[in-house]
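In what follows, a single structure is set out as structure tokens and then discussed.
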Amino acid sequence: MTDPAVRFSVEDAVGVLTLNRPDNRNSMTPELLDGFVAATAEARTANLRCLVVTGTGSCFSAGADFKSNTQRATGQRAPNERSYAMYEPFLSLLDIAAPVIGALNGHAVGGGFGLALVCDLRIGARDARYGANFVKLGLAPGMAISYLLPRLIGLARASELLLTGRLVDGVEAERIGILNRAVAGDEVLPEALALARTIADNAPLAVRATKRAIQRGLDLQVRDAARLEAYAQAESLATDDAREGIAALLAKRPPRFTGS
């Protein structure tokens with residue numbers, strides 16, 4: 001039997017959800033997205049005290065699978081709904097009541113970066129790259145990244161990263177606040193599990209209440225932000241520049257944007 005696209009396990013009330021398609025850089029294929037929904041549903045019923053989300057291989061997640069579809073197939077729905085549907089499985093992480101730690105074993109880009117941002121805490125690899133390069137592909141951002149990133153690192157820094165599409169390494173990501181800690185690649189999961197166990201040793205009802213209080217204090221409405229982003233992303237996806245940006249990415253050449 002084929003190894004599942006997303007694995008889920010529990011030990012001592014700490015869950016580990018693992019993206020498990022390293023050959024495709026854990027990108028957002030239908031198989032992986034469906035597996036993620038199933039794994040988070042299992043996690044919600046597991047009475048966890050903490051959840052760690054990680055990946056296999058050199059990427060945490062490279063985001064959209066540009067070799068296939070950049071929107072989720074949803075029948076006759078509007079383009080913005082197809083864009084939102086691409087991110088909705090990753091957004092199911094928001095339904096986990098226990099704290100969620102992203103163990104970013106490797107690169108987290110685009111939608112994969114968005115998945116990292118919906119985690120409560122992040123441990124990352126020093127040598128990996130992190131960020132949202134949507135504008136370099138002729139696309140508007142998705143998965144509420146334009147909502148979450150300014151709240152995490154401040155408006156000026158978030159604006160620079162989103163408007164330039166620049167990726168940062170783990171050292172810079174730690175310095176500006178994307179990562180709680182940057183460590184060697186082989187230390188990411190052990191460091192995240194140690195942090196998870198520290199959290200799990202605390203009173204679980206109090207921990208969950210604290211997480212809810214933090215979210216309320218930030219006026220957390222991530223899904224609403226993701227839906228609003230989906231309109232702009234769907235419009236940008238229909239442009240010549242988006243077709244050029246994606247083609248250039250796949251051909252590994254600089255894009256030639258025309259503003260159309």
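The chains in the structure tokens are called A, B, ... from first to last as shown; in each chain the residues are counted from 1, and the ligands are counted from 1 in the order shown.
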
Quick one: residues within 12 Å of stretch 176-183 of chain A, only C-alpha atoms counted, chain neighbours fewer than 6 positions away excluded, as a ChimeraX atom specification?
/A:101-106,108,113-114,116-131,148-158,161,167-170,189-192,195

Residues of stretch 104-224 of chain A classed as helix (DSSP H, G or I) by DSSP on the backbone are to be reported as a ChimeraX atom specification.
/A:111-118,134-137,145-153,155-164,170-176,185-200,204-217,222-224

Saved selection, atoms kept: C-alpha atoms, as a tab-separated table (two decimals), in the first residue's frame:
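The resulting file, selection-v9.tsv, is reproduced below:
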```
chain	number	residue	atom	x	y	z
A	111	GLY	CA	0.75	28.44	0.30
A	112	GLY	CA	3.28	26.45	2.31
A	113	PHE	CA	4.35	29.69	3.96
A	114	GLY	CA	0.70	30.42	4.66
A	115	LEU	CA	0.40	27.03	6.37
A	116	ALA	CA	3.36	27.97	8.56
A	117	LEU	CA	1.70	31.27	9.47
A	118	VAL	CA	-1.52	29.67	10.71
A	134	PHE	CA	3.28	35.54	-5.41
A	135	VAL	CA	4.09	38.86	-7.14
A	136	LYS	CA	7.04	37.22	-8.90
A	137	LEU	CA	4.52	34.86	-10.51
A	145	ILE	CA	-0.94	35.78	4.16
A	146	SER	CA	-1.53	39.51	3.64
A	147	TYR	CA	-3.57	39.45	6.88
A	148	LEU	CA	-1.34	37.24	9.02
A	149	LEU	CA	2.16	38.40	8.12
A	150	PRO	CA	1.74	42.10	9.13
A	151	ARG	CA	0.33	40.95	12.47
A	152	LEU	CA	3.34	38.73	12.99
A	153	ILE	CA	6.26	40.94	11.92
A	155	LEU	CA	3.38	46.34	8.56
A	156	ALA	CA	6.63	47.72	7.12
A	157	ARG	CA	8.52	44.43	7.08
A	158	ALA	CA	5.52	42.49	5.81
A	159	SER	CA	4.92	45.05	3.05
A	160	GLU	CA	8.54	44.77	1.91
A	161	LEU	CA	8.44	40.98	1.73
A	162	LEU	CA	5.04	40.79	0.02
A	163	LEU	CA	5.69	43.58	-2.50
A	164	THR	CA	9.16	42.32	-3.49
A	170	GLY	CA	15.99	30.95	8.65
A	171	VAL	CA	18.42	33.31	10.35
A	172	GLU	CA	16.62	36.40	9.04
A	173	ALA	CA	13.22	34.78	9.60
A	174	GLU	CA	14.10	34.37	13.28
A	175	ARG	CA	15.45	37.90	13.53
A	176	ILE	CA	12.31	39.56	12.15
A	185	GLY	CA	17.74	21.20	9.81
A	186	ASP	CA	18.08	17.93	11.69
A	187	GLU	CA	17.23	19.67	14.96
A	188	VAL	CA	13.93	21.21	13.81
A	189	LEU	CA	11.58	18.35	14.73
A	190	PRO	CA	13.32	17.48	18.05
A	191	GLU	CA	13.24	21.18	19.04
A	192	ALA	CA	9.56	21.46	18.11
A	193	LEU	CA	8.69	18.26	20.01
A	194	ALA	CA	10.53	19.51	23.09
A	195	LEU	CA	8.55	22.75	22.96
A	196	ALA	CA	5.33	20.78	22.44
A	197	ARG	CA	6.03	18.65	25.50
A	198	THR	CA	6.71	21.76	27.59
A	199	ILE	CA	3.32	23.12	26.54
A	200	ALA	CA	1.66	19.73	27.08
A	204	PRO	CA	-4.68	21.77	29.10
A	205	LEU	CA	-7.86	23.75	29.75
A	206	ALA	CA	-5.83	26.81	30.71
A	207	VAL	CA	-3.60	26.43	27.65
A	208	ARG	CA	-6.60	26.23	25.32
A	209	ALA	CA	-8.22	29.22	27.00
A	210	THR	CA	-4.98	31.17	26.62
A	211	LYS	CA	-4.81	30.34	22.90
A	212	ARG	CA	-8.42	31.53	22.45
A	213	ALA	CA	-7.64	34.74	24.34
A	214	ILE	CA	-4.62	35.45	22.13
A	215	GLN	CA	-6.71	34.91	19.02
A	216	ARG	CA	-9.52	37.15	20.28
A	217	GLY	CA	-7.03	39.84	21.17
A	222	VAL	CA	-8.34	34.38	9.06
A	223	ARG	CA	-10.94	32.65	6.92
A	224	ASP	CA	-12.64	35.97	6.12
```

List as a tab-separated table (two decimals) with N, CA and C atoms, in the first residue's frame the protein and nucleic acid residues near stretch 24-41 of chain A, meaning an atom at most 8 Å away when only C-alpha atoms are counted, but skip any in the same chain fewer than 2 places from it.
```tsv
chain	number	residue	atom	x	y	z
A	4	PRO	N	0.81	7.05	3.01
A	4	PRO	CA	-0.17	8.14	2.91
A	4	PRO	C	0.48	9.49	2.65
A	5	ALA	N	-0.25	10.36	1.95
A	5	ALA	CA	0.27	11.69	1.62
A	5	ALA	C	0.45	12.55	2.86
A	6	VAL	N	-0.35	12.31	3.87
A	6	VAL	CA	-0.24	13.02	5.16
A	6	VAL	C	-0.36	11.98	6.26
A	7	ARG	N	0.61	11.95	7.16
A	7	ARG	CA	0.59	11.01	8.27
A	7	ARG	C	0.20	11.74	9.55
A	8	PHE	N	-0.47	11.01	10.46
A	8	PHE	CA	-0.82	11.57	11.76
A	8	PHE	C	-0.57	10.52	12.82
A	17	LEU	N	1.58	15.78	12.75
A	17	LEU	CA	0.99	15.71	11.42
A	17	LEU	C	2.12	15.97	10.42
A	19	LEU	N	3.43	16.15	6.43
A	19	LEU	CA	3.25	16.18	4.98
A	19	LEU	C	4.26	15.21	4.38
A	20	ASN	N	3.78	14.30	3.54
A	20	ASN	CA	4.60	13.14	3.19
A	20	ASN	C	4.68	12.89	1.69
A	21	ARG	N	4.92	13.96	0.94
A	21	ARG	CA	5.17	13.81	-0.48
A	21	ARG	C	6.44	14.59	-0.85
A	22	PRO	N	7.61	14.14	-0.32
A	22	PRO	CA	8.85	14.88	-0.57
A	22	PRO	C	9.25	14.95	-2.03
A	43	ALA	N	-7.06	14.75	14.22
A	43	ALA	CA	-6.41	15.49	15.31
A	43	ALA	C	-7.44	16.16	16.21
A	44	ARG	N	-8.55	16.64	15.62
A	44	ARG	CA	-9.56	17.32	16.43
A	44	ARG	C	-10.22	16.39	17.44
A	45	THR	N	-10.24	15.11	17.16
A	45	THR	CA	-10.89	14.15	18.06
A	45	THR	C	-9.91	13.42	18.97
A	55	GLY	N	7.10	18.27	7.77
A	55	GLY	CA	7.13	17.67	6.45
A	55	GLY	C	8.30	16.72	6.32
A	56	THR	N	8.32	15.96	5.24
A	56	THR	CA	9.44	15.10	4.92
A	56	THR	C	10.20	15.70	3.75
A	57	GLY	N	11.50	15.42	3.70
A	57	GLY	CA	12.33	15.91	2.61
A	57	GLY	C	12.87	17.31	2.85
A	58	SER	N	13.25	17.99	1.78
A	58	SER	CA	13.90	19.29	1.88
A	58	SER	C	12.93	20.45	1.94
A	59	CYS	N	11.64	20.19	1.76
A	59	CYS	CA	10.62	21.25	1.79
A	59	CYS	C	9.60	20.95	2.89
A	60	PHE	N	9.24	21.99	3.64
A	60	PHE	CA	8.03	21.89	4.47
A	60	PHE	C	6.85	21.85	3.53
A	61	SER	N	6.71	22.85	2.67
A	61	SER	CA	5.74	22.82	1.58
A	61	SER	C	6.08	23.93	0.59
A	62	ALA	N	6.09	23.57	-0.69
A	62	ALA	CA	6.38	24.54	-1.74
A	62	ALA	C	5.12	25.25	-2.23
A	63	GLY	N	3.97	25.01	-1.58
A	63	GLY	CA	2.75	25.70	-1.97
A	63	GLY	C	2.07	25.04	-3.15
A	64	ALA	N	1.56	25.84	-4.07
A	64	ALA	CA	0.76	25.33	-5.19
A	64	ALA	C	1.60	24.41	-6.07
A	65	ASP	N	0.93	23.44	-6.66
A	65	ASP	CA	1.56	22.53	-7.62
A	65	ASP	C	1.35	23.11	-9.01
A	72	ARG	N	-8.35	24.80	-6.95
A	72	ARG	CA	-8.99	23.55	-6.56
A	72	ARG	C	-10.22	23.32	-7.42
A	86	MET	N	-8.51	26.04	-2.74
A	86	MET	CA	-7.14	25.53	-2.72
A	86	MET	C	-6.54	25.62	-1.32
A	89	PRO	N	-8.27	23.45	2.82
A	89	PRO	CA	-7.76	22.32	3.61
A	89	PRO	C	-6.68	22.72	4.61
A	90	PHE	N	-5.72	23.56	4.20
A	90	PHE	CA	-4.68	24.01	5.13
A	90	PHE	C	-5.29	24.87	6.24
A	92	SER	N	-7.96	24.35	7.71
A	92	SER	CA	-8.61	23.49	8.70
A	92	SER	C	-7.76	23.38	9.97
A	93	LEU	N	-6.50	23.75	9.88
A	93	LEU	CA	-5.64	23.76	11.07
A	93	LEU	C	-6.16	24.74	12.11
A	96	ILE	N	-8.11	23.42	15.27
A	96	ILE	CA	-7.45	22.67	16.34
A	96	ILE	C	-7.42	23.55	17.59
A	111	GLY	N	1.74	29.06	-0.57
A	111	GLY	CA	0.75	28.44	0.30
A	111	GLY	C	1.37	27.67	1.44
A	112	GLY	N	2.57	27.12	1.23
A	112	GLY	CA	3.28	26.45	2.31
A	112	GLY	C	3.70	27.42	3.40
```

Using only C-alpha atoms, tabulate the residues of stretch 129-213 of chain A lying at most 6 Å from any atom of stretch 229-250 of chain A, each with its closest atom pair and that distance in Å to one decimal, by chain and increasing residue number, as JSON lines.
```
{"residue": "A:Leu137", "atom": "CA", "partner": "A:Gly245", "partner_atom": "CA", "distance": 4.0}
{"residue": "A:Gly138", "atom": "CA", "partner": "A:Ala242", "partner_atom": "CA", "distance": 4.2}
{"residue": "A:Leu139", "atom": "CA", "partner": "A:Ser236", "partner_atom": "CA", "distance": 5.1}
{"residue": "A:Ala140", "atom": "CA", "partner": "A:Gln233", "partner_atom": "CA", "distance": 4.6}
{"residue": "A:Gly142", "atom": "CA", "partner": "A:Glu229", "partner_atom": "CA", "distance": 5.5}
```

Smallest atom-to-atom distance to A:Gln221: which of A:Ala78, A:Leu94, A:Leu51, A:Ala13, using only C-alpha atoms?
A:Leu94

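Distance annotation: of A:Ala184, A:Thr2, A:Ala203, A:Leu228, the residue with the minimal separation from A:Met143 is A:Leu228; atom set is only C-alpha atoms.
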
Would you compute the distance between atom CA of A:Val16 and atom CA of A:His107? Give it in Å to one decimal.
18.6 Å

Length of the atom CA of A:Thr54 to atom CA of A:Asn202 vector [Å]:
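Distance reported for this atom pair: 22.6 Å.
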